[in-house]
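Asker: Have a look at this one.
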Amino acid sequence: MTAPREAPTISVVSPVHNEGAGLRKFLDRTVTALQSTGVTYEILLVDDGSTDDSWDQVLAAHRTIPGVQGIQLSRNFGKESAMLAGLATARGEAVVVMDSDLQHPPELLPQLVAAWRRGADVVEAVKRTRTGQGLLNRAYSRLFNRTFHRLTGVNLTDATDYRLLSRRTVNVLLQLPERTFFFRGTSTWIGFRREQIPFDVSPRVAGASRWRFRSLVRYAVNGITSFTAAPLHLVTLGALLFGAFAVVLGAQTIWRFLQGDAVTGFPTVILLLLIQGTLILLGLGIVGEYLARIHDEVKRRPRFVVARSTLTDVHDGADEGTP
Ligand code: UDP
Ligand code: MG
C-alpha cells in the first residue's frame with residue numbers, strides 16, 4: 001500500500017471522450033494557467049470509454065507532466081458519470097470541472113480561483129456568447145432552458161459545466177443519493193455562496209461534438225424528471241381541464257337530444273377520440289418516464305466502473321463520497 005496522495009489546492013477534473021487529437025494542447029494551456037496562479041494542483045483526466053488513442057495520450061501525459069493523473073472507465077458511461085468519477089477521486093480543496101475540448105478556455109482558471117479565494121463556494125463560468133453552437137442547437141437549448149426554469153425554478157440559461165466547487169460543496173454533491181447525476185442542475189440547486197464569471201465559448205479544437213438530437217432529448221428528459229414532478233401535475237391538470245370540457249359537451253349533447261336534435265355525427269366523434277387518445281398517451285408517457293427513473297434508482301447500480309487508473313486510491317461508483 002502506498003500512502004494516500006497529498007491534497008493539492010486545486011483539482012481539475014476533465015471528462016475525455018475521443019479527444020486524443022487535442023489533449024496535449026488542452027494540457028499545455030491548462031498547466032500554464034494553473035501555474036500562473038501559484039497553487040498546487042492535480043489534473044484528473046477521466047477517459048470515458050474512448051475508442052481513439054485518448055488513453056495512450058493520458059498515460060503519456062501522466063509520465064511527462066507532473067500532476068496529471070488518469071482514470072479510465074470500463075466503457076462509455078456518458079459525460080455526467082465521467083465528471084462524477086473525477087469528483088469522487090479529486091482530493092483538492094477546490095475542484096474545477098471543465099471540458100477537455102478547449103471550449104472552456106483554461107485562461108479563465110485564475111479568475112475562478114480568485115473568486116473562490118474571495119469566499120465563493122461555487123464559481124460558475126457562464127456563457128456570454130455561443131461560438132460553435134449551431135442555430136438549431138441554440139433554439140433547442142433555449143426551449144430546454146425555458147421549460148426547465150419554469151418547471152423547477154432553477155435557471156440554467158447561460159450555465160455551463162465549467163465550474164469551480166469548494167470542498168464542502170463537492171462533498172454535498174457526492175452525498176446526494178440519486179443515481180441519475182445532473183451536474184449542472186444539482187450543483188446549482190445545492191445553493192451556497194455563488195459567483196459568476198462570463199466567458200466566450202470557443203469552437204472545438206479537434207474532433208466533433210458527440211451530441212445527437214436523440215441524446216439531447218434524453219438529457220433534457222433525464223434532467224427534468226430527476227429534478228421535478230411538475231409534468232405529473234400537468235397530467236392531472238390536463239385531466240381536470242378535459243373533464244370540465246367533457247361536462248359542458250355532455251350537457252350540450254343531452255340538451256340537444258331532448259330537443260329532438262341529435263349532435264351532428266362523425267366529425268365530433270373523431271375529434272373527441274383524437275384529443276382523448278393523445279392526452280391519455282401523453283399522460284401514460286409522462287408517468288412512464290417517472291417509472292423508468294424510479295426503476296433506475298432502485299437498482300442502485302454504481303454510476304460508473306473504473307477499469308484502470310494511474311492512482312492507487314480510486315473509489316468506484318459504489319462508495320464514492322466515503323472518506
Ligand atoms: N464527453 C464525455 N463522454 C461522452 C461525451 C462527451 O466524457 O460520452 C466529454 C468530451 O470529451 C468533452 C465534454 O464531455 O470534454 C463535452 O463534450 P462535447 O464537446 O461532445 O459536448 P458539447 O461541448 O458539444 O456540449
Ligand atoms: Mg464541446
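As shown in the C-alpha cells, the chain order sets the letters A, B, ...; within each chain, residues go from 1, and ligands are also counted from 1 in the order they appear.
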Write out, as a Markdown table, each residue of chain A that has an atom at most 6 Å from ligand 1, together with the closest pair of atoms and their distance in Å to one decimal, counting only C-alpha atoms and all ligand atoms, rows going by chain and rising number.
Answerer:
| residue | atom | partner | partner_atom_place_in_ligand_line | distance |
| --- | --- | --- | --- | --- |
| A:Pro15 | CA | ligand 1 | 7 (O) | 4.0 |
| A:Val16 | CA | ligand 1 | 11 (O) | 3.7 |
| A:His17 | CA | ligand 1 | 11 (O) | 3.8 |
| A:Glu19 | CA | ligand 1 | 11 (O) | 5.7 |
| A:Asp48 | CA | ligand 1 | 7 (O) | 4.9 |
| A:Asn76 | CA | ligand 1 | 8 (O) | 5.9 |
| A:Gly78 | CA | ligand 1 | 8 (O) | 3.7 |
| A:Lys79 | CA | ligand 1 | 3 (N) | 3.8 |
| A:Ala82 | CA | ligand 1 | 7 (O) | 5.6 |
| A:Asp99 | CA | ligand 1 | 15 (O) | 3.7 |
| A:Ser100 | CA | ligand 1 | 15 (O) | 3.9 |
| A:Asp101 | CA | ligand 1 | 15 (O) | 5.0 |
| A:Ser209 | CA | ligand 1 | 20 (O) | 3.5 |
| A:Arg210 | CA | ligand 1 | 20 (O) | 4.2 |
| A:Trp211 | CA | ligand 1 | 20 (O) | 5.7 |
Asker: Please extract the residues of region 121-301 of chain A with a backbone DSSP assignment of helix (DSSP H, G or I) and present them as a PyMOL selection string.
Answerer: chain A and resi 135-152+167-175+183-189+213-225+230-258+266-299
Asker: So how many Å separate CA of Thr312 (chain A) and CA of Leu102 (chain A), to one decimal?
Answerer: 28.2 Å
Asker: Go through A:Thr51, A:Thr157, A:Thr129, A:Gln57 one by one, measure the shortest atom-to-atom distance of each to Leu23 (chain A) using only C-alpha atoms, and give the residue with the smallest value.
Answerer: A:Gln57
Asker: Hey, what's within 10 Å of Leu272 (chain A) if we count only C-alpha atoms and toss same-chain stuff fewer than 6 positions away? As an mmCIF file with C-alpha atoms, in the first residue's frame, please?
Answerer:
data_model
loop_
_atom_site.group_PDB
_atom_site.id
_atom_site.type_symbol
_atom_site.label_atom_id
_atom_site.label_comp_id
_atom_site.auth_asym_id
_atom_site.auth_seq_id
_atom_site.Cartn_x
_atom_site.Cartn_y
_atom_site.Cartn_z
ATOM 1 C CA ALA A 246 -66.493 16.840 -21.211
ATOM 2 C CA PHE A 266 -68.669 11.763 -37.178
ATOM 3 C CA THR A 278 -53.447 11.979 -27.398
#
Asker: Could you go through region 161-305 of chain A and tell me which residues DSSP, when run on the backbone, assigns to strand (DSSP E or B), listing them as a list in words?
Answerer: Arg163, Leu164, Leu165, Ser166, Arg194, Glu195, Gln196, Ile197, Pro198, Phe199, Asp200 and Val201 of chain A
Asker: Counting only C-alpha atoms, which of A:Leu27, A:Ile224, A:Leu216, A:Ala115 gets nearest to Glu289 (chain A)?
Answerer: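 Ranking A:Leu27, A:Ile224, A:Leu216, A:Ala115 by distance to Glu289 (chain A), first place goes to A:Ile224.
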Asker: What does the distance from CA of Glu178 (chain A) to CA of Arg300 (chain A) come to in Å, to one decimal?
Answerer: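 About the pair CA of Glu178 (chain A) and CA of Arg300 (chain A): they are 8.7 Å apart.
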Asker: Tell me which protein, DNA and RNA residues are within 12 Å of Arg118 (chain A), counting only C-alpha atoms, leaving out same-chain ones fewer than 3 positions away, and put them as a PDB file with N, CA and C atoms, in the first residue's frame.
Answerer:
ATOM      1  N   GLN A 111      -9.170  33.378 -12.670  1.00  0.00           N
ATOM      2  CA  GLN A 111     -10.336  34.132 -12.186  1.00  0.00           C
ATOM      3  C   GLN A 111     -11.234  33.271 -11.313  1.00  0.00           C
ATOM      4  N   LEU A 112     -11.398  31.992 -11.704  1.00  0.00           N
ATOM      5  CA  LEU A 112     -12.221  31.083 -10.904  1.00  0.00           C
ATOM      6  C   LEU A 112     -11.599  30.910  -9.522  1.00  0.00           C
ATOM      7  N   VAL A 113     -10.279  30.712  -9.511  1.00  0.00           N
ATOM      8  CA  VAL A 113      -9.573  30.507  -8.242  1.00  0.00           C
ATOM      9  C   VAL A 113      -9.671  31.769  -7.374  1.00  0.00           C
ATOM     10  N   ALA A 114      -9.523  32.937  -8.014  1.00  0.00           N
ATOM     11  CA  ALA A 114      -9.590  34.193  -7.268  1.00  0.00           C
ATOM     12  C   ALA A 114     -10.965  34.369  -6.615  1.00  0.00           C
ATOM     13  N   ALA A 115     -12.018  34.026  -7.346  1.00  0.00           N
ATOM     14  CA  ALA A 115     -13.370  34.158  -6.798  1.00  0.00           C
ATOM     15  C   ALA A 115     -13.559  33.220  -5.607  1.00  0.00           C
ATOM     16  N   ASP A 121     -18.329  29.583  -2.857  1.00  0.00           N
ATOM     17  CA  ASP A 121     -18.275  28.118  -2.811  1.00  0.00           C
ATOM     18  C   ASP A 121     -18.440  27.507  -4.192  1.00  0.00           C
ATOM     19  N   VAL A 122     -19.267  28.168  -4.997  1.00  0.00           N
ATOM     20  CA  VAL A 122     -19.478  27.692  -6.364  1.00  0.00           C
ATOM     21  C   VAL A 122     -19.182  28.855  -7.303  1.00  0.00           C
ATOM     22  N   VAL A 123     -18.193  28.703  -8.159  1.00  0.00           N
ATOM     23  CA  VAL A 123     -17.898  29.743  -9.146  1.00  0.00           C
ATOM     24  C   VAL A 123     -18.275  29.196 -10.513  1.00  0.00           C
ATOM     25  N   SER A 166     -16.111  24.361  -4.100  1.00  0.00           N
ATOM     26  CA  SER A 166     -15.287  24.222  -2.901  1.00  0.00           C
ATOM     27  C   SER A 166     -15.424  22.808  -2.364  1.00  0.00           C
ATOM     28  N   ARG A 193     -22.624  30.024  -1.345  1.00  0.00           N
ATOM     29  CA  ARG A 193     -22.211  31.314  -1.918  1.00  0.00           C
ATOM     30  C   ARG A 193     -21.729  31.120  -3.348  1.00  0.00           C
ATOM     31  N   ARG A 194     -22.305  31.909  -4.247  1.00  0.00           N
ATOM     32  CA  ARG A 194     -22.008  31.690  -5.652  1.00  0.00           C
ATOM     33  C   ARG A 194     -21.467  32.951  -6.296  1.00  0.00           C
ATOM     34  N   GLU A 195     -20.662  32.744  -7.310  1.00  0.00           N
ATOM     35  CA  GLU A 195     -20.202  33.867  -8.113  1.00  0.00           C
ATOM     36  C   GLU A 195     -20.199  33.422  -9.563  1.00  0.00           C
TER      37      GLU A 195
END
Asker: Do you know which residues are at most 8 Å from Phe199 (chain A) counting only C-alpha atoms, after dropping those on the same chain fewer than 5 positions away, and could you put them as an NGL selection string?
Answerer: :A and (108 or 125-129)
Asker: Of the residues A:Pro203, A:Glu42, A:Leu291, A:Ser81, which is the one nearest to Gly134 (chain A), using only C-alpha atoms?
Answerer: A:Pro203
Asker: Extract, using only C-alpha atoms, all DNA, RNA and protein residues at most 12 Å from Ser141 (chain A), discarding same-chain residues fewer than 4 positions from it, and format them as a list in words.
Answerer: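 Surrounding residues, per the criterion: Arg130, Gln133, Gly134, Leu135, Leu136, Asn137, Asn145, Arg146, Thr147, Phe148, His149, Leu156, Thr157, Asp158, Ala159, Thr160, Phe213, Leu216, Val217, Tyr219 and Ala220 of chain A.
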Asker: Val306 (chain A): which residues within 6 Å, counting only C-alpha atoms, same-chain residues fewer than 6 positions away excluded, as a CSV table (one decimal) with C-alpha atoms, in the first residue's frame?
Answerer:
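And here's out-v3.csv as it stands now:
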chain,number,residue,atom,x,y,z
A,72,GLN,CA,-10.3,5.0,-17.3
A,73,LEU,CA,-13.9,4.0,-17.1
A,74,SER,CA,-14.7,0.5,-18.3
Asker: Between A:Ile280, A:Ala307, A:Val154, A:Met98, which residue has the minimum interatomic distance to ligand 2, considering only C-alpha atoms and all ligand atoms?
Answerer: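 For ligand 2, the nearest of the candidates is A:Met98.
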Asker: Just give me the gap between CA of Leu34 (chain A) and CA of Ile71 (chain A) in Å, one decimal is fine.
Answerer: 20.5 Å
